[in-house]
Amino acid sequence: SRRSRSAWVRHTSRFCSGDGAAPRLALLLAGLLLYVDPIDCIIAILSRSTTVPPAVAFMCFAERRLGEAALLAALLLAADGDGAAAKRLTTPKAERSAWRMCRENWFVLNPVCFGAFGLATTGLQFPSLFGETRAPTLALASWPPQTLRAFVAAAVGVAVAGMGWGFLFVGLSWRAGRRLAKAPYVLTRRHQLAFRFFILQASLVAVFMLASYVQFCVMLVRRYQGALKAIWSEAASSQQIRELAGALEALVADDTRDLA
């Protein structure tokens, strides 16, 4: 009804108002819950003779991808949150519409792309879900060239989005620090202290992730420069595509890439 709809809008706006800590915390908790993979925890309790359908296995992998994306989004919002709150406290108040919030938090598109590319690589590893008859999971040698090209494109997207996240985190943290430095300390004391504590903890994660993805991308360009240039042309051989896909396989493998 109209009354329940207006009540939902009022509660949502109240939840998103203020300094934005409540949405960040909710996103962080949701990301942690997905990353823990509750479906896999339930499967581990079952007997070994239990047959796990491909759709359930795909959901296990997809949960971790979505959890990673949610955690990355929460960290970006936290890096920008205290600086944005200080700016709102020191400037005339304006109406915070949904469109304005989207414009202020445009950087969340990076974790969205990271999660979308990760889900794409995961989906290609479960051909039975899409009615394809080819080898599943990590048997890249038997994949057709077009599927390998799609896998390479999605995996490169994961690498570029991960590297971009590191640069975004550094840039947002620097901008938040400048905003807090210009704001009166007494008025923004709570945000000043929270920002300094957060930067000391989260900067280690950001530096490690950025360095890992930069090192991986540099290695990829050095070793497979020819394959990267010819991957979309007809001149690219199947062997080149397989070698490049094999190099990218470790990046998106669930048991070798743990961002948290």
# chains A, B, ... in the order shown; residues from 1 in each chain; ligands from 1
$ residues_around --residues "A:Asn110" --least-positions-apart "5" --cutoff "10 Å" --atoms "only C-alpha atoms" --output "number ranges by chain"
A: 69, 72-73, 76, 115-116, 160-165, 168
$ residues_around --residues "stretch 183-193 of chain A" --least-positions-apart "3" --cutoff "10 Å" --atoms "only C-alpha atoms" --output "ChimeraX atom specification"
/A:19,81-87,89-91,176-180,196-198
$ write_last_selection --atoms "N, CA and C atoms" --output "PDB file, in the first residue's frame"
ATOM      1  N   ASP A  19      26.258  10.153   8.682  1.00  0.00           N
ATOM      2  CA  ASP A  19      27.612  10.096   8.137  1.00  0.00           C
ATOM      3  C   ASP A  19      27.839   8.890   7.236  1.00  0.00           C
ATOM      4  N   GLY A  81      34.394   7.988   3.434  1.00  0.00           N
ATOM      5  CA  GLY A  81      33.280   8.362   4.296  1.00  0.00           C
ATOM      6  C   GLY A  81      33.572   9.495   5.262  1.00  0.00           C
ATOM      7  N   ASP A  82      34.706   9.439   5.980  1.00  0.00           N
ATOM      8  CA  ASP A  82      34.992  10.469   6.973  1.00  0.00           C
ATOM      9  C   ASP A  82      35.255  11.818   6.316  1.00  0.00           C
ATOM     10  N   GLY A  83      35.955  11.806   5.181  1.00  0.00           N
ATOM     11  CA  GLY A  83      36.180  13.057   4.479  1.00  0.00           C
ATOM     12  C   GLY A  83      34.896  13.656   3.942  1.00  0.00           C
ATOM     13  N   ALA A  84      34.018  12.807   3.406  1.00  0.00           N
ATOM     14  CA  ALA A  84      32.732  13.298   2.908  1.00  0.00           C
ATOM     15  C   ALA A  84      31.873  13.823   4.045  1.00  0.00           C
ATOM     16  N   ALA A  85      31.921  13.157   5.207  1.00  0.00           N
ATOM     17  CA  ALA A  85      31.145  13.629   6.355  1.00  0.00           C
ATOM     18  C   ALA A  85      31.658  14.977   6.848  1.00  0.00           C
ATOM     19  N   ALA A  86      32.985  15.148   6.846  1.00  0.00           N
ATOM     20  CA  ALA A  86      33.552  16.434   7.255  1.00  0.00           C
ATOM     21  C   ALA A  86      33.155  17.543   6.297  1.00  0.00           C
ATOM     22  N   LYS A  87      33.104  17.224   5.026  1.00  0.00           N
ATOM     23  CA  LYS A  87      32.680  18.226   4.045  1.00  0.00           C
ATOM     24  C   LYS A  87      31.231  18.628   4.247  1.00  0.00           C
ATOM     25  N   LEU A  89      29.616  18.581   7.055  1.00  0.00           N
ATOM     26  CA  LEU A  89      29.487  19.342   8.296  1.00  0.00           C
ATOM     27  C   LEU A  89      29.934  20.791   8.144  1.00  0.00           C
ATOM     28  N   THR A  90      30.835  21.043   7.206  1.00  0.00           N
ATOM     29  CA  THR A  90      31.386  22.389   7.052  1.00  0.00           C
ATOM     30  C   THR A  90      30.809  23.143   5.869  1.00  0.00           C
ATOM     31  N   THR A  91      29.857  22.574   5.159  1.00  0.00           N
ATOM     32  CA  THR A  91      29.222  23.246   4.032  1.00  0.00           C
ATOM     33  C   THR A  91      27.721  23.323   4.280  1.00  0.00           C
ATOM     34  N   ALA A 176      40.180  12.351   1.304  1.00  0.00           N
ATOM     35  CA  ALA A 176      39.561  12.444   2.624  1.00  0.00           C
ATOM     36  C   ALA A 176      40.499  13.104   3.625  1.00  0.00           C
ATOM     37  N   GLY A 177      41.794  12.796   3.552  1.00  0.00           N
ATOM     38  CA  GLY A 177      42.758  13.432   4.442  1.00  0.00           C
ATOM     39  C   GLY A 177      42.831  14.933   4.227  1.00  0.00           C
ATOM     40  N   ARG A 178      42.774  15.359   2.981  1.00  0.00           N
ATOM     41  CA  ARG A 178      42.804  16.799   2.700  1.00  0.00           C
ATOM     42  C   ARG A 178      41.540  17.489   3.200  1.00  0.00           C
ATOM     43  N   ARG A 179      40.396  16.836   3.025  1.00  0.00           N
ATOM     44  CA  ARG A 179      39.152  17.435   3.523  1.00  0.00           C
ATOM     45  C   ARG A 179      39.170  17.564   5.037  1.00  0.00           C
ATOM     46  N   LEU A 180      39.659  16.548   5.720  1.00  0.00           N
ATOM     47  CA  LEU A 180      39.713  16.599   7.179  1.00  0.00           C
ATOM     48  C   LEU A 180      40.728  17.623   7.664  1.00  0.00           C
ATOM     49  N   ARG A 196      42.021   8.255  11.019  1.00  0.00           N
ATOM     50  CA  ARG A 196      43.419   7.886  11.273  1.00  0.00           C
ATOM     51  C   ARG A 196      43.540   6.416  11.671  1.00  0.00           C
ATOM     52  N   PHE A 197      42.632   5.944  12.488  1.00  0.00           N
ATOM     53  CA  PHE A 197      42.677   4.529  12.879  1.00  0.00           C
ATOM     54  C   PHE A 197      42.406   3.629  11.675  1.00  0.00           C
ATOM     55  N   PHE A 198      41.441   4.022  10.836  1.00  0.00           N
ATOM     56  CA  PHE A 198      41.104   3.212   9.670  1.00  0.00           C
ATOM     57  C   PHE A 198      42.272   3.148   8.688  1.00  0.00           C
TER      58      PHE A 198
END
$ residues_around --residues "A:Phe216" --least-positions-apart "2" --cutoff "12 Å" --atoms "only C-alpha atoms" --output "list in words"
Ala155, Val156, Val158, Ala159, Val160, Gly162, Met163, Met209, Leu210, Ala211, Ser212, Tyr213, Val214, Val218, Met219, Leu220, Val221, Arg222, Arg223, Tyr224, Ala247, Leu248, Ala250 and Leu251 of chain A
$ write_last_selection --atoms "C-alpha atoms" --output "short mmCIF file (atom, residue, chain, number, x, y, z; two decimals), in the first residue's frame"
data_model
loop_
_atom_site.label_atom_id
_atom_site.label_comp_id
_atom_site.auth_asym_id
_atom_site.auth_seq_id
_atom_site.Cartn_x
_atom_site.Cartn_y
_atom_site.Cartn_z
CA ALA A 155 40.14 -12.54 -16.19
CA VAL A 156 41.92 -9.47 -17.56
CA VAL A 158 39.39 -8.87 -12.88
CA ALA A 159 43.08 -7.88 -12.91
CA VAL A 160 42.44 -4.37 -14.21
CA GLY A 162 41.67 -5.06 -8.86
CA MET A 163 44.54 -2.76 -9.78
CA MET A 209 46.51 -5.79 -3.04
CA LEU A 210 47.75 -3.00 -5.31
CA ALA A 211 51.29 -4.37 -5.32
CA SER A 212 50.04 -7.90 -6.07
CA TYR A 213 47.93 -6.85 -9.04
CA VAL A 214 50.57 -4.49 -10.42
CA VAL A 218 53.60 -6.43 -15.33
CA MET A 219 54.47 -10.13 -15.47
CA LEU A 220 51.57 -10.77 -17.80
CA VAL A 221 52.60 -8.04 -20.23
CA ARG A 222 56.24 -9.10 -20.21
CA ARG A 223 55.67 -12.80 -20.77
CA TYR A 224 52.55 -12.75 -22.95
CA ALA A 247 48.48 -17.79 -16.81
CA LEU A 248 45.24 -16.03 -15.90
CA ALA A 250 45.66 -18.76 -11.12
CA LEU A 251 44.30 -15.24 -10.73
#
$ closest_residue --among "A:Phe151, A:Phe117, A:Cys217, A:Glu104" --to "A:Gly246" --atoms "only C-alpha atoms"
A:Phe151
$ closest_residue --among "A:Arg65, A:Arg242, A:Arg48, A:Arg103" --to "A:Leu148" --atoms "only C-alpha atoms"
A:Arg242
$ closest_residue --among "A:Val36, A:Val108, A:Ala153, A:Ala30" --to "A:Asp80" --atoms "only C-alpha atoms"
A:Val108
$ closest_residue --among "A:Leu77, A:Leu27, A:Ala70, A:Val152" --to "A:Ser173" --atoms "only C-alpha atoms"
A:Leu77
$ atom_distance --atom1 "atom CA of A:Ala206" --atom2 "atom CA of A:Gly166"
5.7 Å
$ residues_around --residues "A:Phe61" --least-positions-apart "4" --cutoff "12 Å" --atoms "only C-alpha atoms" --output "short mmCIF file (atom, residue, chain, number, x, y, z; two decimals) with N, CA and C atoms, in the first residue's frame"
data_model
loop_
_atom_site.label_atom_id
_atom_site.label_comp_id
_atom_site.auth_asym_id
_atom_site.auth_seq_id
_atom_site.Cartn_x
_atom_site.Cartn_y
_atom_site.Cartn_z
N LEU A 34 28.99 -13.48 2.92
CA LEU A 34 29.09 -14.15 1.63
C LEU A 34 30.47 -14.77 1.43
N TYR A 35 31.50 -14.08 1.90
CA TYR A 35 32.86 -14.60 1.70
C TYR A 35 33.10 -15.86 2.51
N VAL A 36 32.48 -15.95 3.69
CA VAL A 36 32.62 -17.17 4.49
C VAL A 36 32.02 -18.37 3.78
N ASP A 37 31.09 -18.12 2.87
CA ASP A 37 30.46 -19.16 2.05
C ASP A 37 29.63 -20.12 2.90
N PRO A 38 28.46 -19.68 3.37
CA PRO A 38 27.63 -20.54 4.23
C PRO A 38 27.16 -21.81 3.52
N ILE A 39 26.97 -21.74 2.20
CA ILE A 39 26.53 -22.94 1.48
C ILE A 39 27.60 -24.02 1.57
N ASP A 40 28.86 -23.64 1.40
CA ASP A 40 29.94 -24.61 1.49
C ASP A 40 30.06 -25.16 2.90
N PRO A 54 25.66 -29.10 -9.93
CA PRO A 54 26.52 -28.01 -10.45
C PRO A 54 26.01 -26.63 -10.07
N ALA A 55 24.69 -26.46 -10.01
CA ALA A 55 24.15 -25.15 -9.66
C ALA A 55 24.54 -24.75 -8.24
N VAL A 56 24.53 -25.71 -7.31
CA VAL A 56 24.91 -25.43 -5.93
C VAL A 56 26.41 -25.11 -5.85
N ALA A 57 27.21 -25.87 -6.60
CA ALA A 57 28.65 -25.59 -6.61
C ALA A 57 28.93 -24.21 -7.19
N ARG A 65 32.76 -14.57 -4.80
CA ARG A 65 32.99 -13.44 -5.71
C ARG A 65 32.19 -12.22 -5.26
N LEU A 66 30.93 -12.43 -4.94
CA LEU A 66 30.09 -11.32 -4.48
C LEU A 66 30.58 -10.79 -3.13
N GLY A 67 31.04 -11.69 -2.26
CA GLY A 67 31.56 -11.25 -0.98
C GLY A 67 32.81 -10.39 -1.14
N GLU A 68 33.70 -10.79 -2.05
CA GLU A 68 34.89 -9.99 -2.31
C GLU A 68 34.51 -8.60 -2.81
N GLY A 115 33.23 -7.63 -9.37
CA GLY A 115 32.35 -8.77 -9.12
C GLY A 115 31.75 -9.34 -10.38
N GLY A 118 34.39 -11.33 -12.15
CA GLY A 118 34.63 -12.56 -11.40
C GLY A 118 33.53 -13.59 -11.60
N LEU A 119 32.27 -13.13 -11.63
CA LEU A 119 31.16 -14.04 -11.89
C LEU A 119 31.23 -14.60 -13.30
N ALA A 120 31.70 -13.80 -14.24
CA ALA A 120 31.83 -14.29 -15.62
C ALA A 120 32.85 -15.41 -15.72
N THR A 121 34.00 -15.24 -15.09
CA THR A 121 35.00 -16.31 -15.11
C THR A 121 34.49 -17.56 -14.40
N THR A 122 33.74 -17.37 -13.34
CA THR A 122 33.18 -18.53 -12.61
C THR A 122 32.13 -19.24 -13.46
N GLY A 123 31.27 -18.46 -14.13
CA GLY A 123 30.24 -19.08 -14.96
C GLY A 123 30.81 -19.90 -16.10
N LEU A 124 31.94 -19.47 -16.67
CA LEU A 124 32.56 -20.22 -17.76
C LEU A 124 33.11 -21.56 -17.29
N GLN A 125 33.34 -21.69 -16.00
CA GLN A 125 33.85 -22.94 -15.46
C GLN A 125 32.76 -23.96 -15.16
N PHE A 126 31.50 -23.58 -15.42
CA PHE A 126 30.37 -24.49 -15.20
C PHE A 126 29.53 -24.55 -16.48
N THR A 137 35.25 -26.70 -15.37
CA THR A 137 36.19 -26.18 -14.38
C THR A 137 37.54 -25.81 -14.99
N VAL A 252 42.09 -16.19 -10.98
CA VAL A 252 40.67 -16.32 -10.66
C VAL A 252 40.34 -17.64 -9.99
N ALA A 253 41.34 -18.50 -9.77
CA ALA A 253 41.07 -19.77 -9.09
C ALA A 253 40.68 -19.50 -7.65
N ASP A 254 39.65 -20.17 -7.20
CA ASP A 254 39.09 -19.90 -5.87
C ASP A 254 40.04 -20.26 -4.76
N ASP A 255 40.91 -21.25 -4.98
CA ASP A 255 41.77 -21.70 -3.89
C ASP A 255 43.11 -20.98 -3.86
N ARG A 257 43.29 -17.31 -4.75
CA ARG A 257 43.11 -15.85 -4.65
C ARG A 257 42.19 -15.55 -3.48
#
$ select_by_dssp --residues "stretch 25-123 of chain A" --states "alpha helix (DSSP H)" --output "PyMOL selection string"
chain A and resi 25-36+38-45+54-90+98-104+109-123
